[in-house]
$ cat entry10.csv   # CSV, C-alpha atoms and all ligand atoms
chain,number,residue,atom,x,y,z
A,24,ALA,CA,3.9,13.5,31.0
A,25,THR,CA,2.6,13.6,27.4
A,26,LYS,CA,-1.1,13.4,26.9
A,27,GLY,CA,-3.1,12.0,24.0
A,28,PRO,CA,-4.7,8.6,23.0
A,29,LEU,CA,-1.2,7.0,22.5
A,30,ALA,CA,0.4,8.4,25.7
A,31,GLY,CA,2.8,5.9,27.2
A,32,ARG,CA,2.8,3.8,24.0
A,33,ARG,CA,6.1,3.1,22.3
A,34,VAL,CA,6.0,3.2,18.5
A,35,VAL,CA,8.7,2.2,16.0
A,36,ILE,CA,8.3,3.2,12.3
A,37,THR,CA,10.5,2.5,9.3
A,38,ALA,CA,10.6,5.0,6.5
A,39,GLY,CA,12.4,6.0,3.3
A,40,PRO,CA,14.3,3.9,0.8
A,41,THR,CA,17.3,1.7,1.4
A,42,ARG,CA,20.5,1.9,-0.7
A,43,GLU,CA,22.4,-1.3,-1.7
A,44,PRO,CA,26.0,-0.6,-2.7
A,45,ILE,CA,27.4,-1.8,-6.0
A,46,ASP,CA,30.8,-0.2,-5.6
A,47,PRO,CA,32.1,2.9,-3.6
A,48,VAL,CA,30.2,5.4,-5.8
A,49,ARG,CA,27.0,3.5,-7.0
A,50,TYR,CA,24.0,1.9,-5.4
A,51,ILE,CA,20.5,0.4,-6.1
A,52,SER,CA,17.6,2.2,-4.6
A,53,ASN,CA,14.1,3.5,-5.3
A,54,TYR,CA,12.0,6.7,-5.3
A,55,SER,CA,10.8,6.7,-1.7
A,56,SER,CA,11.1,10.2,-0.2
A,57,GLY,CA,10.2,9.1,3.4
A,58,LYS,CA,7.2,11.5,3.5
A,59,MET,CA,4.6,8.9,4.4
A,60,GLY,CA,6.6,7.4,7.2
A,61,TYR,CA,7.7,10.9,8.6
A,62,ALA,CA,4.0,12.0,8.5
A,63,LEU,CA,3.0,8.9,10.5
A,64,ALA,CA,5.8,9.5,13.0
A,65,SER,CA,4.6,13.0,13.5
A,66,ALA,CA,1.0,11.9,13.9
A,67,ALA,CA,2.0,9.2,16.5
A,68,ARG,CA,4.0,11.9,18.4
A,69,MET,CA,1.1,14.3,18.3
A,70,ALA,CA,-1.1,11.5,19.7
A,71,GLY,CA,1.3,11.3,22.7
A,72,ALA,CA,3.5,8.2,21.8
A,73,ASP,CA,7.3,7.9,22.2
A,74,VAL,CA,8.4,7.4,18.6
A,75,VAL,CA,11.6,5.9,17.1
A,76,LEU,CA,11.8,6.5,13.3
A,77,VAL,CA,14.3,4.1,11.6
A,78,SER,CA,15.0,6.0,8.4
A,79,GLY,CA,16.8,5.3,5.2
A,80,PRO,CA,18.6,8.2,3.5
A,81,VAL,CA,16.0,11.0,2.9
A,82,SER,CA,16.2,14.8,2.7
A,83,ILE,CA,13.4,15.8,5.0
A,84,GLU,CA,13.6,17.0,8.5
A,85,ALA,CA,13.0,15.0,11.6
A,86,PRO,CA,9.5,15.6,13.1
A,87,ALA,CA,9.6,17.5,16.4
A,88,GLY,CA,10.0,15.2,19.4
A,89,VAL,CA,10.7,12.1,17.3
A,90,GLU,CA,14.0,10.1,17.6
A,91,VAL,CA,15.4,9.4,14.2
A,92,ARG,CA,17.9,6.5,13.7
A,93,GLY,CA,19.5,6.7,10.3
A,94,VAL,CA,20.3,3.5,8.3
A,95,THR,CA,21.5,2.8,4.7
A,96,THR,CA,21.0,-0.8,3.7
A,97,ALA,CA,18.2,-3.3,4.2
A,98,GLN,CA,20.5,-5.3,6.5
A,99,ASP,CA,21.1,-2.1,8.6
A,100,MET,CA,17.3,-1.5,8.7
A,101,LEU,CA,16.6,-5.0,10.1
A,102,GLU,CA,19.3,-4.6,12.8
A,103,CYS,CA,18.3,-1.1,13.8
A,104,ALA,CA,14.5,-1.8,13.9
A,105,SER,CA,15.0,-5.1,15.8
A,106,GLY,CA,17.1,-3.2,18.4
A,107,ALA,CA,14.4,-0.5,18.7
A,108,VAL,CA,11.7,-3.2,19.2
A,109,ASP,CA,13.9,-4.9,21.8
A,110,GLU,CA,13.8,-1.7,23.8
A,111,GLY,CA,10.0,-2.1,24.1
A,112,CYS,CA,7.4,-1.5,21.4
A,113,ASP,CA,3.6,-1.5,21.3
A,114,LEU,CA,3.2,-0.7,17.7
A,115,PHE,CA,5.5,-1.3,14.7
A,116,ILE,CA,4.7,0.4,11.3
A,117,ALA,CA,6.8,-0.4,8.2
A,118,THR,CA,6.4,2.3,5.5
A,119,ALA,CA,10.0,1.9,4.2
A,120,ALA,CA,10.5,0.9,0.6
A,121,VAL,CA,13.2,-1.7,1.2
A,122,ALA,CA,15.2,-3.1,-1.6
A,123,ASP,CA,14.3,-6.7,-2.0
A,124,TYR,CA,17.7,-7.6,-3.5
A,125,ARG,CA,21.3,-6.4,-3.0
A,126,PRO,CA,24.4,-7.0,-5.1
A,127,ASP,CA,26.0,-10.2,-3.8
A,128,SER,CA,29.2,-8.2,-3.0
A,129,CYS,CA,30.2,-4.6,-3.1
A,130,ALA,CA,33.3,-4.0,-5.3
A,131,GLY,CA,36.2,-2.5,-3.4
A,132,ASP,CA,37.1,-0.1,-6.2
A,133,LYS,CA,34.9,1.8,-8.7
A,134,ILE,CA,33.9,-0.6,-11.5
A,135,LYS,CA,35.4,0.4,-14.8
A,136,LYS,CA,33.4,0.4,-18.0
A,137,THR,CA,34.4,-1.8,-20.9
A,138,ASP,CA,32.9,-2.2,-24.4
A,139,GLU,CA,31.0,-5.3,-23.2
A,140,GLY,CA,27.6,-5.4,-21.4
A,141,MET,CA,27.7,-6.2,-17.7
A,142,SER,CA,25.4,-8.0,-15.3
A,143,LEU,CA,25.0,-7.7,-11.6
A,144,SER,CA,24.4,-10.8,-9.4
A,145,LEU,CA,21.8,-10.0,-6.8
A,146,VAL,CA,20.8,-11.9,-3.5
A,147,ARG,CA,17.7,-11.5,-1.4
A,148,ASN,CA,17.6,-9.0,1.5
A,149,PRO,CA,16.1,-9.8,4.9
A,150,ASP,CA,12.5,-8.7,5.5
A,151,THR,CA,12.3,-6.4,8.5
A,152,LEU,CA,8.5,-6.4,8.7
A,153,ALA,CA,8.2,-10.2,8.5
A,154,ALA,CA,11.0,-10.7,11.1
A,155,ILE,CA,9.2,-8.4,13.6
A,156,ALA,CA,5.8,-9.8,13.0
A,157,ALA,CA,7.2,-13.3,13.6
A,158,ARG,CA,8.6,-12.5,17.1
A,159,ALA,CA,7.0,-14.2,20.1
A,160,ASP,CA,6.8,-10.7,21.6
A,161,ALA,CA,5.5,-9.1,18.4
A,162,PRO,CA,4.0,-5.6,18.8
A,163,PHE,CA,0.8,-4.6,16.9
A,164,THR,CA,2.2,-4.7,13.4
A,165,VAL,CA,1.2,-2.7,10.4
A,166,GLY,CA,2.7,-3.1,6.9
A,167,PHE,CA,2.4,-1.1,3.7
A,168,ALA,CA,1.9,-2.6,0.3
A,169,ALA,CA,2.8,-0.6,-2.8
A,170,GLU,CA,1.4,-2.2,-5.8
A,171,THR,CA,0.7,-1.3,-9.4
A,172,ARG,CA,-2.0,-3.9,-10.0
A,173,ASP,CA,-4.4,-6.2,-8.1
A,174,VAL,CA,-3.8,-4.0,-5.0
A,175,GLU,CA,-6.4,-5.7,-2.8
A,176,HIS,CA,-5.4,-9.2,-3.7
A,177,TYR,CA,-1.6,-8.7,-3.0
A,178,ALA,CA,-2.4,-6.6,0.2
A,179,LEU,CA,-4.6,-9.4,1.7
A,180,ASP,CA,-1.9,-12.0,0.8
A,181,LYS,CA,0.7,-9.9,2.7
A,182,LEU,CA,-1.7,-9.5,5.7
A,183,THR,CA,-2.0,-13.3,6.2
A,184,ARG,CA,1.4,-14.4,4.9
A,185,LYS,CA,3.4,-12.0,7.1
A,186,LYS,CA,1.0,-12.4,10.0
A,187,LEU,CA,0.2,-8.7,10.3
A,188,ASN,CA,-2.5,-6.9,12.3
A,189,MET,CA,-3.1,-4.4,9.5
A,190,ILE,CA,-1.9,-3.7,6.0
A,191,VAL,CA,-2.2,-0.4,4.2
A,192,ALA,CA,-2.4,-0.8,0.4
A,193,ASN,CA,-1.3,2.0,-1.9
A,194,ASP,CA,-2.0,1.9,-5.6
A,195,VAL,CA,1.2,3.5,-6.9
A,196,SER,CA,0.2,3.4,-10.5
A,197,THR,CA,-1.6,6.8,-10.3
A,198,PRO,CA,0.7,9.7,-11.2
A,199,GLY,CA,1.0,12.2,-8.3
A,200,LEU,CA,0.2,9.6,-5.6
A,201,GLY,CA,2.4,7.3,-3.7
A,202,PHE,CA,6.2,7.5,-4.1
A,203,ASN,CA,7.9,10.8,-3.7
A,204,SER,CA,4.8,13.0,-3.7
A,205,ASP,CA,2.8,14.9,-1.0
A,206,SER,CA,-0.4,13.0,-1.6
A,207,ASN,CA,-1.5,9.4,-1.4
A,208,ALA,CA,-4.6,7.2,-1.5
A,209,VAL,CA,-4.7,4.0,0.6
A,210,ILE,CA,-7.0,1.2,1.8
A,211,ALA,CA,-6.3,-0.2,5.2
A,212,PHE,CA,-7.2,-3.9,5.7
A,213,TRP,CA,-7.4,-5.8,8.9
A,214,ALA,CA,-8.9,-9.2,9.7
A,215,GLN,CA,-12.5,-8.0,10.1
A,216,GLY,CA,-12.7,-4.9,7.9
A,217,GLN,CA,-11.3,-2.3,5.7
A,218,GLU,CA,-11.3,1.5,5.2
A,219,ALA,CA,-10.4,3.6,2.2
A,220,ILE,CA,-8.6,6.9,3.0
A,221,GLY,CA,-7.9,9.7,0.5
A,222,PRO,CA,-6.8,10.8,-2.0
A,223,ASP,CA,-5.5,13.4,0.4
A,224,THR,CA,-2.2,14.7,1.7
A,225,LYS,CA,0.1,12.2,3.4
A,226,VAL,CA,-0.2,14.3,6.5
A,227,ALA,CA,-4.0,14.0,6.6
A,228,ILE,CA,-3.8,10.3,5.7
A,229,ALA,CA,-1.3,9.7,8.5
A,230,GLN,CA,-3.6,11.3,11.0
A,231,ARG,CA,-6.6,9.2,10.0
A,232,LEU,CA,-4.5,6.0,9.9
A,233,MET,CA,-3.1,6.7,13.4
A,234,ALA,CA,-6.6,7.2,14.8
A,235,LEU,CA,-7.7,3.9,13.2
A,236,ILE,CA,-4.6,2.1,14.5
A,237,GLY,CA,-5.3,3.6,18.0
A,238,GLU,CA,-8.8,2.1,18.0
A,239,HIS,CA,-7.4,-1.4,17.2
A,240,LEU,CA,-4.5,-1.1,19.7
A,241,LYS,CA,-7.1,-0.5,22.4
A,242,SER,CA,-9.1,-3.6,21.5
A,243,LYS,CA,-5.9,-5.7,21.3
A,244,ALA,CA,-5.0,-4.6,24.8
A,245,GLY,CA,-8.5,-5.5,25.9
A,246,ALA,CA,-9.0,-1.9,27.1
A,301,LIG,O1,8.4,7.5,1.0
A,301,LIG,P1,7.3,8.1,0.2
A,301,LIG,O2,7.8,8.8,-1.0
A,301,LIG,O3,6.4,9.0,1.1
A,301,LIG,O4,6.4,6.9,-0.4
A,301,LIG,C1,5.6,6.2,0.5
A,301,LIG,C2,5.6,4.7,0.0
A,301,LIG,C3,4.9,4.6,-1.3
A,301,LIG,C4,7.0,4.2,-0.1
A,301,LIG,C5,4.8,3.9,1.2
A,301,LIG,O5,3.5,4.4,1.3
A,301,LIG,C6,4.7,2.4,0.9
A,301,LIG,O6,3.8,1.9,0.2
A,301,LIG,N1,5.7,1.7,1.4
A,301,LIG,C7,5.9,0.2,1.1
A,301,LIG,C8,6.7,0.1,-0.1
A,301,LIG,C9,6.7,-1.3,-0.7
A,301,LIG,O7,7.0,-1.4,-1.9
A,301,LIG,O8,6.5,-2.3,0.1
A,301,LIG,P2,6.7,-3.8,-0.3
A,301,LIG,O9,5.4,-4.3,-1.0
A,301,LIG,O10,8.0,-4.1,-1.0
A,301,LIG,O11,6.8,-4.5,1.1
A,301,LIG,C10,5.7,-4.8,1.9
A,301,LIG,C11,6.0,-4.4,3.4
A,301,LIG,O12,7.1,-5.1,3.9
A,301,LIG,C12,6.3,-2.9,3.6
A,301,LIG,O13,5.7,-2.6,4.8
A,301,LIG,C13,7.8,-2.8,3.7
A,301,LIG,O14,8.2,-1.8,4.5
A,301,LIG,C14,8.1,-4.2,4.3
A,301,LIG,N2,9.4,-4.8,3.9
A,301,LIG,C15,9.6,-5.2,2.6
A,301,LIG,C16,10.8,-5.8,2.3
A,301,LIG,C17,11.8,-5.9,3.2
A,301,LIG,N3,13.0,-6.4,2.9
A,301,LIG,N4,11.6,-5.4,4.5
A,301,LIG,C18,10.4,-4.9,4.9
A,301,LIG,O15,10.3,-4.5,6.0

$ encode --input "entry10.csv" --output "structure tokens" --more "lines below"
Ligand code: PMT
Amino acid sequence: ATKGPLAGRRVVITAGPTREPIDPVRYISNYSSGKMGYALASAARMAGADVVLVSGPVSIEAPAGVEVRGVTTAQDMLECASGAVDEGCDLFIATAAVADYRPDSCAGDKIKKTDEGMSLSLVRNPDTLAAIAARADAPFTVGFAAETRDVEHYALDKLTRKKLNMIVANDVSTPGLGFNSDSNAVIAFWAQGQEAIGPDTKVAIAQRLMALIGEHLKSKAGA
């Protein structure tokens, strides 16, 4: 059997961007590389957990020993993550940068350009993190919050509104940190406290975060 502080724990992590199709050759997406989520999956695995990584389209390799389930859209992500949690989950971490909106329909054929402007009609996407946190059998739930201003204010709002156990706030306004880079700087908030981590590599931040989450998991289980 695997050893480590998270041995026997089942962990589900979302990572990467989603893609919301406009027509057969175009989509709406964002700059998430998946690096933060993959680093957390690797840290959880090294701590002994069984890890399912629900990943949007990225170009990085699966961490050793981690089961990757690939998804494309926000709707796929909700289905896949919910299914993985149904299989048993002690800890759910949402690092994915999910598109909040999708085109209300995907054109069957490539949209042709004209001399006129064009507009897209968008509808809201489902929120995987909120759906999992609202379950009666909710695991210990950790969200991420990427903000460009009032980081602490928006992060604390998400902690209470989405009923999370912890929220990890990133200020993504600093060049070289956050989206699509190897480094990050975060502040983890929970009901009774907070801890700033970094600036550092995403790998180092993931290891510290996983240790911090491990301490809280223990106290939630009453161990
Ligand atoms: O992938 P990298 O290049 O390494 O970059 C990492 C990151 C910057 C993407 C990551 O650290 C990060 O901050 N992820 C959250 C991105 C974000 O913008 O989150 P949000 O504020 O839109 O959403 C808040 C939380 O709800 C997140 O945990 C998100 O995964 C979750 N969410 C949001 C919308 C939605 N429809 N479903 C969700 O699960």

$ closest_residue --input "entry10.csv" --among "A:Lys26, A:His239, A:Lys225, A:Arg231" --to "Tyr61 (chain A)" --atoms "all atoms listed in the file"
A:Lys225

$ closest_residue --input "entry10.csv" --among "A:Val165, A:Ile51, A:Ala211, A:Ala85" --to "ligand LIG 301 (chain A)" --atoms "all atoms listed in the file"
A:Val165

$ closest_residue --input "entry10.csv" --among "A:Ala122, A:Ala87, A:Ala208, A:Leu76" --to "ligand LIG 301 (chain A)" --atoms "all atoms listed in the file"
A:Ala122

$ residues_around --input "entry10.csv" --residues "Gly199 (chain A)" --least-positions-apart "3" --cutoff "12 Å" --atoms "only C-alpha atoms" --output "list of chain:residue names"
A:Asp194, A:Val195, A:Ser196, A:Phe202, A:Asn203, A:Ser204, A:Asp205, A:Ser206, A:Asn207, A:Ala208, A:Pro222, A:Asp223, A:Thr224, A:Lys225

$ residues_near_ligand --input "entry10.csv" --ligand "ligand LIG 301 (chain A)" --cutoff "7 Å" --atoms "all atoms listed in the file" --output "NGL selection string"
:A and (37-40 or 54-60 or 97 or 117-123 or 148-153 or 166-170 or 192-193 or 195 or 201-204)

$ closest_residue --input "entry10.csv" --among "A:Thr96, A:Glu43, A:Ser142, A:Val209" --to "Ala229 (chain A)" --atoms "only C-alpha atoms"
A:Val209

$ axis_aligned_box --input "entry10.csv" --around "region 217-233 of chain A" --padding-each-side "3 Å" --output "JSON"
{"center_x": -5.6, "center_y": 6.2, "center_z": 5.7, "size_x": 17.4, "size_y": 23.0, "size_z": 21.4}

$ residues_around --input "entry10.csv" --residues "Val91 (chain A)" --least-positions-apart "4" --cutoff "9 Å" --atoms "all atoms listed in the file" --output "list of chain:residue names"
A:Val74, A:Val75, A:Leu76, A:Val77, A:Ser78, A:Ala85, A:Pro86

$ atom_distance --input "entry10.csv" --atom1 "CA of Arg172 (chain A)" --atom2 "CA of Leu232 (chain A)"
22.4 Å

$ residues_around --input "entry10.csv" --residues "Lys133 (chain A)" --least-positions-apart "5" --cutoff "8 Å" --atoms "only C-alpha atoms" --output "PyMOL selection string"
chain A and resi 46-48

$ closest_residue --input "entry10.csv" --among "A:Ile228, A:Ala234, A:Ala214, A:Ala159" --to "Asp109 (chain A)" --atoms "all atoms listed in the file"
A:Ala159

$ atom_distance --input "entry10.csv" --atom1 "CA of Pro28 (chain A)" --atom2 "CA of Gly237 (chain A)"
7.1 Å

$ closest_residue --input "entry10.csv" --among "A:Ile220, A:Pro44, A:Leu200, A:Phe163" --to "Ser242 (chain A)" --atoms "only C-alpha atoms"
A:Phe163

$ atom_distance --input "entry10.csv" --atom1 "CA of Arg92 (chain A)" --atom2 "CA of Gly221 (chain A)"
29.2 Å

$ residues_near_point --input "entry10.csv" --point "(-3.3, 12.0, 25.6)" --cutoff "9 Å" --atoms "all atoms listed in the file" --output "list in words"
Thr25, Lys26, Gly27, Pro28, Leu29, Ala30, Gly31, Met69, Ala70, Gly71 and Ala72 of chain A

$ decode --input "entry10.csv" --residues "region 118-158 of chain A" --atoms "N, CA and C atoms" --output "mmCIF file, in the first residue's frame"
data_model
loop_
_atom_site.group_PDB
_atom_site.id
_atom_site.type_symbol
_atom_site.label_atom_id
_atom_site.label_comp_id
_atom_site.auth_asym_id
_atom_site.auth_seq_id
_atom_site.Cartn_x
_atom_site.Cartn_y
_atom_site.Cartn_z
ATOM 1 N N THR A 118 -8.831 23.851 -9.575
ATOM 2 C CA THR A 118 -7.870 24.855 -10.071
ATOM 3 C C THR A 118 -8.206 25.262 -11.500
ATOM 4 N N ALA A 119 -9.166 24.570 -12.119
ATOM 5 C CA ALA A 119 -9.462 24.840 -13.527
ATOM 6 C C ALA A 119 -9.938 26.277 -13.725
ATOM 7 N N ALA A 120 -9.586 26.831 -14.868
ATOM 8 C CA ALA A 120 -10.103 28.137 -15.280
ATOM 9 C C ALA A 120 -11.251 27.844 -16.247
ATOM 10 N N VAL A 121 -12.441 27.743 -15.677
ATOM 11 C CA VAL A 121 -13.616 27.321 -16.449
ATOM 12 C C VAL A 121 -14.245 28.549 -17.110
ATOM 13 N N ALA A 122 -14.629 28.418 -18.365
ATOM 14 C CA ALA A 122 -15.313 29.536 -19.029
ATOM 15 C C ALA A 122 -16.664 29.743 -18.359
ATOM 16 N N ASP A 123 -16.940 30.953 -17.909
ATOM 17 C CA ASP A 123 -18.215 31.224 -17.234
ATOM 18 C C ASP A 123 -19.386 31.214 -18.209
ATOM 19 N N TYR A 124 -19.114 31.482 -19.479
ATOM 20 C CA TYR A 124 -20.175 31.541 -20.503
ATOM 21 C C TYR A 124 -19.795 30.686 -21.708
ATOM 22 N N ARG A 125 -20.797 30.207 -22.417
ATOM 23 C CA ARG A 125 -20.573 29.496 -23.687
ATOM 24 C C ARG A 125 -21.524 30.070 -24.736
ATOM 25 N N PRO A 126 -21.178 29.936 -26.028
ATOM 26 C CA PRO A 126 -22.125 30.353 -27.070
ATOM 27 C C PRO A 126 -23.427 29.576 -26.900
ATOM 28 N N ASP A 127 -24.559 30.222 -27.098
ATOM 29 C CA ASP A 127 -25.830 29.526 -26.836
ATOM 30 C C ASP A 127 -26.069 28.365 -27.782
ATOM 31 N N SER A 128 -25.357 28.367 -28.939
ATOM 32 C CA SER A 128 -25.385 27.168 -29.782
ATOM 33 C C SER A 128 -24.076 27.131 -30.555
ATOM 34 N N CYS A 129 -23.725 25.950 -31.026
ATOM 35 C CA CYS A 129 -22.507 25.804 -31.833
ATOM 36 C C CYS A 129 -22.967 25.646 -33.278
ATOM 37 N N ALA A 130 -22.490 26.532 -34.180
ATOM 38 C CA ALA A 130 -22.916 26.453 -35.585
ATOM 39 C C ALA A 130 -22.454 25.118 -36.180
ATOM 40 N N GLY A 131 -23.290 24.524 -37.012
ATOM 41 C CA GLY A 131 -22.947 23.237 -37.620
ATOM 42 C C GLY A 131 -21.833 23.368 -38.646
ATOM 43 N N ASP A 132 -21.782 24.501 -39.321
ATOM 44 C CA ASP A 132 -20.748 24.746 -40.331
ATOM 45 C C ASP A 132 -19.917 25.947 -39.929
ATOM 46 N N LYS A 133 -18.741 26.060 -40.504
ATOM 47 C CA LYS A 133 -17.861 27.197 -40.231
ATOM 48 C C LYS A 133 -18.596 28.494 -40.575
ATOM 49 N N ILE A 134 -18.576 29.440 -39.626
ATOM 50 C CA ILE A 134 -19.280 30.713 -39.849
ATOM 51 C C ILE A 134 -18.487 31.534 -40.874
ATOM 52 N N LYS A 135 -19.169 32.011 -41.911
ATOM 53 C CA LYS A 135 -18.502 32.796 -42.971
ATOM 54 C C LYS A 135 -18.457 34.265 -42.602
ATOM 55 N N LYS A 136 -17.365 34.926 -42.981
ATOM 56 C CA LYS A 136 -17.312 36.365 -42.668
ATOM 57 C C LYS A 136 -18.103 37.160 -43.708
ATOM 58 N N THR A 137 -18.602 38.313 -43.219
ATOM 59 C CA THR A 137 -19.306 39.236 -44.108
ATOM 60 C C THR A 137 -18.689 40.613 -43.885
ATOM 61 N N ASP A 138 -19.198 41.636 -44.509
ATOM 62 C CA ASP A 138 -18.677 42.988 -44.282
ATOM 63 C C ASP A 138 -19.256 43.619 -43.029
ATOM 64 N N GLU A 139 -20.247 42.970 -42.441
ATOM 65 C CA GLU A 139 -20.871 43.485 -41.210
ATOM 66 C C GLU A 139 -20.084 43.034 -39.983
ATOM 67 N N GLY A 140 -20.313 43.701 -38.832
ATOM 68 C CA GLY A 140 -19.794 43.179 -37.565
ATOM 69 C C GLY A 140 -20.589 41.943 -37.195
ATOM 70 N N MET A 141 -20.190 41.261 -36.157
ATOM 71 C CA MET A 141 -21.029 40.148 -35.710
ATOM 72 C C MET A 141 -21.031 40.079 -34.195
ATOM 73 N N SER A 142 -22.061 39.509 -33.618
ATOM 74 C CA SER A 142 -22.047 39.328 -32.171
ATOM 75 C C SER A 142 -22.423 37.896 -31.842
ATOM 76 N N LEU A 143 -21.912 37.444 -30.702
ATOM 77 C CA LEU A 143 -22.186 36.085 -30.249
ATOM 78 C C LEU A 143 -23.131 36.182 -29.070
ATOM 79 N N SER A 144 -24.079 35.293 -29.001
ATOM 80 C CA SER A 144 -24.962 35.272 -27.850
ATOM 81 C C SER A 144 -24.448 34.196 -26.894
ATOM 82 N N LEU A 145 -24.204 34.588 -25.634
ATOM 83 C CA LEU A 145 -23.599 33.674 -24.658
ATOM 84 C C LEU A 145 -24.576 33.333 -23.550
ATOM 85 N N VAL A 146 -24.460 32.107 -23.029
ATOM 86 C CA VAL A 146 -25.276 31.698 -21.869
ATOM 87 C C VAL A 146 -24.336 31.221 -20.760
ATOM 88 N N ARG A 147 -24.828 31.242 -19.509
ATOM 89 C CA ARG A 147 -24.008 30.848 -18.371
ATOM 90 C C ARG A 147 -23.678 29.360 -18.405
ATOM 91 N N ASN A 148 -22.481 29.028 -17.960
ATOM 92 C CA ASN A 148 -22.078 27.635 -17.797
ATOM 93 C C ASN A 148 -22.341 27.172 -16.373
ATOM 94 N N PRO A 149 -22.472 25.857 -16.171
ATOM 95 C CA PRO A 149 -22.618 25.349 -14.801
ATOM 96 C C PRO A 149 -21.307 25.502 -14.040
ATOM 97 N N ASP A 150 -21.403 25.640 -12.706
ATOM 98 C CA ASP A 150 -20.237 25.826 -11.851
ATOM 99 C C ASP A 150 -19.925 24.509 -11.125
ATOM 100 N N THR A 151 -18.861 23.857 -11.545
ATOM 101 C CA THR A 151 -18.497 22.546 -10.976
ATOM 102 C C THR A 151 -18.190 22.660 -9.486
ATOM 103 N N LEU A 152 -17.398 23.658 -9.119
ATOM 104 C CA LEU A 152 -17.005 23.804 -7.709
ATOM 105 C C LEU A 152 -18.228 24.005 -6.817
ATOM 106 N N ALA A 153 -19.134 24.900 -7.219
ATOM 107 C CA ALA A 153 -20.320 25.166 -6.398
ATOM 108 C C ALA A 153 -21.187 23.915 -6.306
ATOM 109 N N ALA A 154 -21.303 23.171 -7.415
ATOM 110 C CA ALA A 154 -22.147 21.966 -7.416
ATOM 111 C C ALA A 154 -21.582 20.927 -6.447
ATOM 112 N N ILE A 155 -20.275 20.766 -6.428
ATOM 113 C CA ILE A 155 -19.692 19.737 -5.555
ATOM 114 C C ILE A 155 -19.736 20.178 -4.095
ATOM 115 N N ALA A 156 -19.494 21.456 -3.847
ATOM 116 C CA ALA A 156 -19.545 21.951 -2.466
ATOM 117 C C ALA A 156 -20.964 21.864 -1.891
ATOM 118 N N ALA A 157 -21.988 21.915 -2.767
ATOM 119 C CA ALA A 157 -23.381 21.905 -2.295
ATOM 120 C C ALA A 157 -23.919 20.495 -2.050
ATOM 121 N N ARG A 158 -23.149 19.466 -2.405
ATOM 122 C CA ARG A 158 -23.636 18.089 -2.209
ATOM 123 C C ARG A 158 -23.784 17.762 -0.724
#
